[in-house]
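*Asks:* PDB, C-alpha atoms, file final_1.pdb:
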```
ATOM      1  CA  MET S  27     -17.120  27.875 -46.774
ATOM      2  CA  HIS S  28     -19.750  28.778 -44.198
ATOM      3  CA  ALA S  29     -21.989  25.992 -43.002
ATOM      4  CA  LYS S  30     -25.533  25.568 -44.190
ATOM      5  CA  VAL S  31     -27.929  25.318 -41.237
ATOM      6  CA  ILE S  32     -30.731  22.819 -41.881
ATOM      7  CA  THR S  33     -33.560  22.314 -39.395
ATOM      8  CA  VAL S  34     -35.438  19.005 -39.400
ATOM      9  CA  THR S  35     -38.971  19.487 -38.110
ATOM     10  CA  SER S  36     -42.538  18.175 -38.193
ATOM     11  CA  GLY S  37     -45.855  19.013 -36.633
ATOM     12  CA  LYS S  38     -46.528  15.645 -35.087
ATOM     13  CA  GLY S  39     -44.234  13.754 -32.737
ATOM     14  CA  GLY S  40     -43.090  10.250 -33.538
ATOM     15  CA  VAL S  41     -42.710  10.623 -37.305
ATOM     16  CA  GLY S  42     -38.951  10.034 -37.248
ATOM     17  CA  LYS S  43     -37.321  13.485 -37.082
ATOM     18  CA  THR S  44     -34.492  12.360 -34.835
ATOM     19  CA  THR S  45     -33.799   9.275 -36.953
ATOM     20  CA  VAL S  46     -33.762  11.424 -40.103
ATOM     21  CA  THR S  47     -31.400  13.959 -38.483
ATOM     22  CA  ALA S  48     -28.959  11.273 -37.323
ATOM     23  CA  ASN S  49     -28.946   9.442 -40.648
ATOM     24  CA  LEU S  50     -28.554  12.572 -42.776
ATOM     25  CA  ALA S  51     -25.719  13.766 -40.542
ATOM     26  CA  ALA S  52     -23.987  10.396 -40.929
ATOM     27  CA  ALA S  53     -24.600  10.282 -44.683
ATOM     28  CA  LEU S  54     -23.164  13.777 -45.184
ATOM     29  CA  ALA S  55     -20.136  12.899 -43.044
ATOM     30  CA  MET S  56     -19.636   9.829 -45.249
ATOM     31  CA  LEU S  57     -19.386  12.224 -48.199
ATOM     32  CA  GLY S  58     -16.469  13.914 -46.436
ATOM     33  CA  ARG S  59     -18.376  16.920 -45.110
ATOM     34  CA  ARG S  60     -17.853  18.441 -41.665
ATOM     35  CA  VAL S  61     -21.196  17.999 -39.945
ATOM     36  CA  VAL S  62     -22.579  18.831 -36.515
ATOM     37  CA  ALA S  63     -25.938  17.479 -35.373
ATOM     38  CA  LEU S  64     -27.519  19.745 -32.776
ATOM     39  CA  ASP S  65     -30.296  18.428 -30.528
ATOM     40  CA  ALA S  66     -32.763  21.254 -29.858
ATOM     41  CA  ASP S  67     -35.260  19.023 -28.047
ATOM     42  CA  ILE S  68     -34.433  20.361 -24.596
ATOM     43  CA  GLY S  69     -35.845  18.261 -21.774
ATOM     44  CA  LEU S  70     -36.128  15.026 -23.757
ATOM     45  CA  ARG S  71     -32.859  14.423 -25.612
ATOM     46  CA  ASN S  72     -32.787  11.417 -27.934
ATOM     47  CA  LEU S  73     -30.352  12.292 -30.703
ATOM     48  CA  ASP S  74     -27.372  11.170 -28.612
ATOM     49  CA  VAL S  75     -28.883   7.692 -28.193
ATOM     50  CA  VAL S  76     -29.700   7.262 -31.888
ATOM     51  CA  MET S  77     -26.138   8.321 -32.769
ATOM     52  CA  GLY S  78     -24.625   6.041 -30.116
ATOM     53  CA  LEU S  79     -22.910   8.886 -28.250
ATOM     54  CA  GLU S  80     -24.928   9.050 -25.017
ATOM     55  CA  ASN S  81     -22.100   7.763 -22.816
ATOM     56  CA  ARG S  82     -19.735  10.558 -23.833
ATOM     57  CA  ILE S  83     -21.808  13.602 -22.872
ATOM     58  CA  VAL S  84     -20.095  16.080 -20.561
ATOM     59  CA  TYR S  85     -21.641  19.407 -21.573
ATOM     60  CA  ASP S  86     -24.813  20.247 -23.489
ATOM     61  CA  LEU S  87     -26.425  23.062 -25.437
ATOM     62  CA  VAL S  88     -27.705  24.861 -22.327
ATOM     63  CA  ASP S  89     -24.218  24.746 -20.772
ATOM     64  CA  VAL S  90     -22.955  26.578 -23.865
ATOM     65  CA  VAL S  91     -25.761  29.157 -23.815
ATOM     66  CA  GLU S  92     -25.355  29.836 -20.087
ATOM     67  CA  GLY S  93     -21.571  30.108 -20.289
ATOM     68  CA  ARG S  94     -20.539  27.004 -18.322
ATOM     69  CA  CYS S  95     -18.417  25.801 -21.233
ATOM     70  CA  ARG S  96     -17.135  26.900 -24.590
ATOM     71  CA  LEU S  97     -18.870  25.593 -27.690
ATOM     72  CA  PRO S  98     -16.098  23.149 -28.718
ATOM     73  CA  GLN S  99     -16.270  21.525 -25.262
ATOM     74  CA  ALA S 100     -19.893  20.521 -25.876
ATOM     75  CA  MET S 101     -19.135  19.027 -29.298
ATOM     76  CA  ILE S 102     -18.793  15.236 -29.159
ATOM     77  CA  ARG S 103     -16.769  13.846 -32.042
ATOM     78  CA  ASP S 104     -18.049  10.589 -33.526
ATOM     79  CA  LYS S 105     -15.074   8.196 -33.576
ATOM     80  CA  ARG S 106     -16.462   6.367 -36.637
ATOM     81  CA  PHE S 107     -16.473   9.566 -38.714
ATOM     82  CA  PRO S 108     -14.014  12.196 -37.456
ATOM     83  CA  GLU S 109     -15.886  14.967 -39.284
ATOM     84  CA  LEU S 110     -19.183  14.174 -37.497
ATOM     85  CA  TYR S 111     -20.094  15.882 -34.221
ATOM     86  CA  LEU S 112     -23.028  16.042 -31.816
ATOM     87  CA  ILE S 113     -24.126  18.850 -29.526
ATOM     88  CA  PRO S 114     -26.599  17.231 -27.105
ATOM     89  CA  ALA S 115     -29.659  18.835 -25.578
ATOM     90  CA  ALA S 116     -30.008  19.372 -21.828
ATOM     91  CA  GLN S 117     -32.113  16.683 -20.213
ATOM     92  CA  THR S 118     -32.944  18.453 -16.961
ATOM     93  CA  ARG S 119     -34.083  21.832 -18.278
ATOM     94  CA  ASP S 120     -37.031  23.052 -20.328
ATOM     95  CA  LYS S 121     -37.205  24.776 -23.672
ATOM     96  CA  MET S 122     -37.302  28.242 -22.115
ATOM     97  CA  ALA S 123     -33.626  27.843 -21.151
ATOM     98  CA  VAL S 124     -32.713  28.677 -24.767
ATOM     99  CA  SER S 125     -34.032  31.531 -26.923
ATOM    100  CA  PRO S 126     -34.170  31.852 -30.704
ATOM    101  CA  SER S 127     -31.391  34.452 -30.542
ATOM    102  CA  ASP S 128     -29.235  32.020 -28.511
ATOM    103  CA  MET S 129     -29.658  29.458 -31.277
ATOM    104  CA  VAL S 130     -28.675  31.994 -33.925
ATOM    105  CA  LEU S 131     -25.510  32.866 -31.965
ATOM    106  CA  VAL S 132     -24.520  29.215 -31.496
ATOM    107  CA  CYS S 133     -25.106  28.424 -35.161
ATOM    108  CA  ASP S 134     -23.198  31.523 -36.279
ATOM    109  CA  GLN S 135     -20.176  30.177 -34.388
ATOM    110  CA  LEU S 136     -20.598  26.724 -35.923
ATOM    111  CA  ARG S 137     -20.868  28.164 -39.436
ATOM    112  CA  GLN S 138     -17.188  29.137 -39.352
ATOM    113  CA  ASP S 139     -15.828  25.586 -39.191
ATOM    114  CA  MET S 140     -18.563  23.270 -40.449
ATOM    115  CA  ASP S 141     -20.156  22.428 -43.786
ATOM    116  CA  TYR S 142     -23.539  21.506 -42.291
ATOM    117  CA  VAL S 143     -25.373  22.119 -39.031
ATOM    118  CA  LEU S 144     -28.388  19.797 -38.738
ATOM    119  CA  ILE S 145     -30.858  20.810 -36.021
ATOM    120  CA  ASP S 146     -33.226  18.207 -34.581
ATOM    121  CA  SER S 147     -36.371  20.185 -33.748
ATOM    122  CA  PRO S 148     -38.806  19.167 -31.015
ATOM    123  CA  ALA S 149     -42.326  18.297 -32.101
ATOM    124  CA  GLY S 150     -45.040  20.925 -31.950
ATOM    125  CA  ILE S 151     -45.191  24.615 -32.732
ATOM    126  CA  GLU S 152     -44.160  26.244 -29.447
ATOM    127  CA  ARG S 153     -40.894  27.749 -28.227
ATOM    128  CA  GLY S 154     -38.786  24.720 -29.108
ATOM    129  CA  PHE S 155     -39.915  24.915 -32.731
ATOM    130  CA  ARG S 156     -39.125  28.649 -32.908
ATOM    131  CA  ASN S 157     -35.690  27.994 -31.385
ATOM    132  CA  ALA S 158     -34.923  25.318 -33.949
ATOM    133  CA  VAL S 159     -36.112  27.287 -36.962
ATOM    134  CA  ALA S 160     -34.580  30.680 -36.068
ATOM    135  CA  PRO S 161     -31.080  30.047 -37.495
ATOM    136  CA  ALA S 162     -32.193  27.855 -40.417
ATOM    137  CA  ASP S 163     -31.094  28.422 -44.009
ATOM    138  CA  GLN S 164     -33.245  25.460 -45.054
ATOM    139  CA  VAL S 165     -36.037  23.518 -43.324
ATOM    140  CA  ILE S 166     -36.855  19.863 -43.899
ATOM    141  CA  VAL S 167     -40.384  18.817 -42.942
ATOM    142  CA  VAL S 168     -40.730  15.121 -42.064
ATOM    143  CA  THR S 169     -44.081  13.383 -42.268
ATOM    144  CA  ASN S 170     -45.432   9.860 -42.387
ATOM    145  CA  PRO S 171     -47.944   9.117 -45.163
ATOM    146  CA  GLU S 172     -50.911   9.140 -42.777
ATOM    147  CA  VAL S 173     -53.668  11.712 -42.491
ATOM    148  CA  SER S 174     -52.928  13.072 -38.997
ATOM    149  CA  ALA S 175     -49.202  13.475 -39.661
ATOM    150  CA  VAL S 176     -49.772  15.188 -43.019
ATOM    151  CA  ARG S 177     -52.347  17.532 -41.506
ATOM    152  CA  ASP S 178     -49.849  18.581 -38.822
ATOM    153  CA  ALA S 179     -47.120  18.930 -41.433
ATOM    154  CA  ASP S 180     -49.411  21.235 -43.407
ATOM    155  CA  ARG S 181     -49.683  23.505 -40.391
ATOM    156  CA  ILE S 182     -45.882  23.573 -40.082
ATOM    157  CA  VAL S 183     -45.532  24.471 -43.775
ATOM    158  CA  GLY S 184     -47.902  27.403 -43.213
ATOM    159  CA  LEU S 185     -45.954  28.578 -40.151
ATOM    160  CA  LEU S 186     -42.653  28.381 -42.006
ATOM    161  CA  GLU S 187     -44.002  30.546 -44.804
ATOM    162  CA  ALA S 188     -45.458  33.029 -42.303
ATOM    163  CA  GLU S 189     -42.055  33.327 -40.614
ATOM    164  CA  GLU S 190     -40.272  33.548 -43.984
ATOM    165  CA  HIS S 191     -38.438  30.270 -43.481
ATOM    166  CA  GLY S 192     -40.556  28.506 -46.087
ATOM    167  CA  PRO S 193     -41.586  26.782 -48.062
ATOM    168  CA  GLY S 194     -39.390  23.965 -46.785
ATOM    169  CA  GLN S 195     -38.646  20.614 -48.384
ATOM    170  CA  LEU S 196     -40.362  17.329 -47.661
ATOM    171  CA  ILE S 197     -39.187  13.899 -46.537
ATOM    172  CA  ILE S 198     -41.871  11.210 -46.478
ATOM    173  CA  ASN S 199     -40.810   8.651 -43.886
ATOM    174  CA  ARG S 200     -41.977   5.058 -43.340
ATOM    175  CA  LEU S 201     -43.692   4.558 -46.673
ATOM    176  CA  LYS S 202     -45.087   1.039 -47.103
ATOM    177  CA  PRO S 203     -45.598   0.396 -50.830
ATOM    178  CA  GLN S 204     -47.833  -2.626 -50.214
ATOM    179  CA  MET S 205     -50.238  -0.503 -48.151
ATOM    180  CA  VAL S 206     -50.206   2.249 -50.790
ATOM    181  CA  ALA S 207     -51.057  -0.352 -53.438
ATOM    182  CA  ARG S 208     -54.040  -1.539 -51.388
ATOM    183  CA  GLY S 209     -55.224   2.028 -50.847
ATOM    184  CA  ASP S 210     -54.579   1.777 -47.093
ATOM    185  CA  MET S 211     -51.868   4.436 -46.981
ATOM    186  CA  LEU S 212     -51.529   7.841 -48.633
ATOM    187  CA  SER S 213     -49.413   7.743 -51.772
ATOM    188  CA  ILE S 214     -46.496  10.065 -52.483
ATOM    189  CA  ALA S 215     -48.754  11.954 -54.904
ATOM    190  CA  ASP S 216     -51.474  12.316 -52.239
ATOM    191  CA  VAL S 217     -49.029  13.830 -49.759
ATOM    192  CA  LEU S 218     -47.536  16.192 -52.331
ATOM    193  CA  ASP S 219     -51.018  17.328 -53.406
ATOM    194  CA  ILE S 220     -51.812  18.317 -49.829
ATOM    195  CA  LEU S 221     -48.517  19.925 -48.825
ATOM    196  CA  ALA S 222     -47.452  21.424 -52.168
ATOM    197  CA  ILE S 223     -43.744  21.621 -51.327
ATOM    198  CA  ASP S 224     -40.717  20.076 -53.010
ATOM    199  CA  LEU S 225     -40.004  16.416 -52.283
ATOM    200  CA  LEU S 226     -36.466  15.866 -51.001
ATOM    201  CA  GLY S 227     -36.760  12.136 -50.437
ATOM    202  CA  VAL S 228     -38.826   9.092 -49.521
ATOM    203  CA  ILE S 229     -37.727   6.657 -46.806
ATOM    204  CA  PRO S 230     -39.364   3.235 -47.029
ATOM    205  CA  GLU S 231     -40.380   1.356 -43.890
ATOM    206  CA  ASP S 232     -37.334  -0.691 -42.955
ATOM    207  CA  GLU S 233     -36.761  -2.620 -39.729
ATOM    208  CA  ASP S 234     -33.023  -1.933 -40.049
ATOM    209  CA  ILE S 235     -33.757   1.688 -39.072
ATOM    210  CA  LEU S 236     -35.096   0.602 -35.679
ATOM    211  CA  VAL S 237     -32.266  -1.870 -35.175
ATOM    212  CA  GLY S 238     -29.717   0.820 -36.030
ATOM    213  CA  SER S 239     -31.332   3.378 -33.721
ATOM    214  CA  ASN S 240     -31.356   0.916 -30.830
ATOM    215  CA  ARG S 241     -27.684   0.113 -31.416
ATOM    216  CA  GLY S 242     -26.610   3.720 -31.871
ATOM    217  CA  ALA S 243     -25.551   3.004 -35.446
ATOM    218  CA  PRO S 244     -27.681   4.926 -37.983
ATOM    219  CA  VAL S 245     -28.518   2.735 -40.970
ATOM    220  CA  ALA S 246     -26.945   5.247 -43.381
ATOM    221  CA  MET S 247     -23.531   4.463 -41.843
ATOM    222  CA  ASN S 248     -23.508   0.989 -43.308
ATOM    223  CA  GLY S 249     -22.359   1.991 -46.751
ATOM    224  CA  SER S 250     -21.973  -1.578 -47.983
ATOM    225  CA  HIS S 251     -25.511  -2.503 -46.993
ATOM    226  CA  SER S 252     -28.055  -2.368 -49.775
ATOM    227  CA  ALA S 253     -30.957  -1.745 -47.381
ATOM    228  CA  SER S 254     -33.433   0.516 -49.079
ATOM    229  CA  ALA S 255     -33.640   2.972 -46.171
ATOM    230  CA  GLY S 256     -29.880   3.388 -45.863
ATOM    231  CA  GLN S 257     -29.613   4.051 -49.590
ATOM    232  CA  ALA S 258     -32.527   6.505 -49.401
ATOM    233  CA  PHE S 259     -30.742   8.532 -46.715
ATOM    234  CA  ARG S 260     -27.506   8.537 -48.681
ATOM    235  CA  ASN S 261     -29.399   9.707 -51.778
ATOM    236  CA  ILE S 262     -30.960  12.572 -49.821
ATOM    237  CA  ALA S 263     -27.504  13.622 -48.613
ATOM    238  CA  ARG S 264     -26.351  13.754 -52.232
ATOM    239  CA  ARG S 265     -29.388  15.880 -53.128
ATOM    240  CA  LEU S 266     -28.472  18.277 -50.319
ATOM    241  CA  GLU S 267     -25.044  18.479 -51.955
ATOM    242  CA  GLY S 268     -26.720  19.594 -55.175
ATOM    243  CA  GLU S 269     -26.619  16.296 -57.084
ATOM    244  CA  ASP S 270     -29.536  15.325 -59.272
ATOM    245  CA  VAL S 271     -30.456  11.936 -57.817
ATOM    246  CA  PRO S 272     -33.805  10.402 -58.820
ATOM    247  CA  ILE S 273     -36.289   9.573 -56.068
ATOM    248  CA  MET S 274     -36.325   5.836 -55.327
ATOM    249  CA  GLU S 275     -33.693   4.765 -57.800
ATOM    250  CA  LEU S 276     -35.027   1.223 -57.863
ATOM    251  CA  SER S 277     -36.021   0.669 -61.477
ATOM    252  CA  HIS S 278     -35.375   2.146 -64.864
ATOM    253  CA  GLN S 279     -39.051   2.362 -65.716
ATOM    254  CA  GLY S 280     -40.140   5.862 -66.583
ATOM    255  CA  GLY S 281     -41.840   8.075 -64.066
ATOM    256  CA  LEU S 282     -41.992   8.020 -60.303
ATOM    257  CA  PHE S 283     -45.036   5.792 -60.174
ATOM    258  CA  GLY S 284     -43.546   3.398 -62.714
ATOM    259  CA  ARG S 285     -40.540   3.010 -60.430
ATOM    260  CA  LEU S 286     -42.783   2.696 -57.403
ATOM    261  CA  ARG S 287     -44.920   0.018 -59.050
ATOM    262  CA  ALA S 288     -41.830  -1.867 -60.175
ATOM    263  CA  TRP S 289     -40.435  -1.663 -56.674
ATOM    264  CA  MET S 290     -43.665  -2.945 -55.153
ATOM    265  CA  SER S 291     -43.877  -5.886 -57.565
ATOM    266  CA  GLY S 292     -40.286  -6.789 -56.780
ATOM    267  CA  ARG S 293     -40.789  -7.016 -53.015
TER     268      ARG S 293
END
```
Translate the structure of the given file into structure tokens.
*Replies:*
Amino acid sequence: MHAKVITVTSGKGGVGKTTVTANLAAALAMLGRRVVALDADIGLRNLDVVMGLENRIVYDLVDVVEGRCRLPQAMIRDKRFPELYLIPAAQTRDKMAVSPSDMVLVCDQLRQDMDYVLIDSPAGIERGFRNAVAPADQVIVVTNPEVSAVRDADRIVGLLEAEEHGPGQLIINRLKPQMVARGDMLSIADVLDILAIDLLGVIPEDEDILVGSNRGAPVAMNGSHSASAGQAFRNIARRLEGEDVPIMELSHQGGLFGRLRAWMSGR
């Protein structure tokens, strides 16, 4: 089987792309898939920290592209999940060090041995975004349920369609049901009305995400933990595998908003 290349992107920075990439990579590896997470955010590099692999970096993506190492030498194997790998970004270079065609070549090599390649895209719509999207079979757009983030996500959706990588699928990150109930945060329906793309998953606000990121242990890795965010990431991984998993499987009441209301009243 040839790997599926999935790019995780957004318009706005700070919405949780890197956290989503790390957790989906971990969740897919937990399902027994061979997964490589590739950090395309050249010059900043955070995916290694969130995955807890920063102390093991020898080579990076730019070293591969410029011929200083072979691709397998830049792949860091996660000791917790032997089928999970990271290719880190270069910290001391800029995004011009890699071209879209370089990314396609790297991903074509990875396709031979992996089930999934997850690319962590830099924020914005410049060269780094084009690099990250060039090899993609599927694009996940991450947004928070706030007006500025959704507006930027809308621009990304338009760009993806213009470059024939659309329409993309949506992950709404950091949803706070109490704020939605008060009318202080956009609802899932509001966001979907604006963006008009398929919803892949909803990640509730959960302090365990921050704790996990700081410790280099993505919350999805804790399979025994019933934390809502960890379960949400694992559900998204199952959807990527083709399973029909309901959004926010938190109540048996009919309809998304019935489940959402039941969830809110139970918190």
*Asks:* For a test of reading the model, state the distance in Å between atom CA of S:Ile214 and atom CA of S:Arg200, rounded to one decimal.
*Replies:*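 Interatomic distance here is 11.4 Å.
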*Asks:* Which is closer to S:Gly78 than all the others in S:His28, S:Arg153, S:His191, S:Arg103, using all atoms listed in the file?
*Replies:*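 The answer is S:Arg103, which sits nearest to S:Gly78.
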*Asks:* Evaluate the PyMOL selection byres ((chain S and resi 215) around 12) here and jot the selected residues down as a list in words.
*Replies:*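 Applied to this file, the PyMOL selection byres ((chain S and resi 215) around 12) selects Pro171, Ile198, Val206, Met211, Leu212, Ser213, Ile214, Asp216, Val217, Leu218, Asp219, Ile220, Leu221, Ala222, Ile223, Asp224, Leu225, Val228, Leu282, Phe283 and Leu286 of chain S.
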*Asks:* Selected by the PyMOL selection byres ((chain S and resi 29) around 7) in the shown coordinates: which residues, as a list in words?
*Replies:*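 Those residues are Met27, His28, Lys30, Val31, Arg137, Gln138, Met140, Asp141, Tyr142 and Val143 of chain S.
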*Asks:* For the selection you just gave me, I'd like the residues written to a file as a compact mmCIF listing (two decimals), in the frame of the given file, keeping C-alpha atoms.
*Replies:*
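Result went into again.txt, see below:
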```txt
# COMPACT_ATOMS: atom_id res chain seq x y z
CA MET S 27 -17.12 27.88 -46.77
CA HIS S 28 -19.75 28.78 -44.20
CA LYS S 30 -25.53 25.57 -44.19
CA VAL S 31 -27.93 25.32 -41.24
CA ARG S 137 -20.87 28.16 -39.44
CA GLN S 138 -17.19 29.14 -39.35
CA MET S 140 -18.56 23.27 -40.45
CA ASP S 141 -20.16 22.43 -43.79
CA TYR S 142 -23.54 21.51 -42.29
CA VAL S 143 -25.37 22.12 -39.03
```
*Asks:* Compile the contact shell of S:Val90 as a list in words: residues with an atom at most 9 Å away, counting all atoms listed in the file, same-chain residues fewer than 6 positions apart removed.
*Replies:*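 The contact residues come out as Arg96, Leu97, Gln99, Ala100 and Val132 of chain S.
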*Asks:* Using all atoms listed in the file, which of S:Ile32, S:Ala116, S:Ala123, S:Leu185 sits nearest S:Val62?
*Replies:* S:Ile32
*Asks:* Kindly list the centre and edge lengths in Å, rounded to one decimal, for the axis-aligned box that covers all listed atoms of stretch 76-95 of chain S plus 6 Å on each of its six sides, as JSON.
*Replies:*
```
{"center_x": -24.1, "center_y": 18.1, "center_z": -25.5, "size_x": 23.3, "size_y": 36.1, "size_z": 26.4}
```
*Asks:* Rank S:Gln164, S:Thr33, S:Asn261, S:Leu70 by their smallest atom-to-atom distance to S:Leu144, using all atoms listed in the file, and report the top residue only.
*Replies:* S:Thr33
*Asks:* When you look at S:Val91 with a cut-off of 9 Å (counting all atoms listed in the file), what residues show up, excluding the ones that are within fewer than 2 positions of it in the same chain? I need them as a list of chain:residue names.
*Replies:*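 What passes the distance filter is S:Asp86, S:Leu87, S:Val88, S:Asp89, S:Gly93, S:Arg94, S:Cys95, S:Arg96, S:Leu97, S:Ala123, S:Val124, S:Asp128, S:Met129, S:Leu131, S:Val132.
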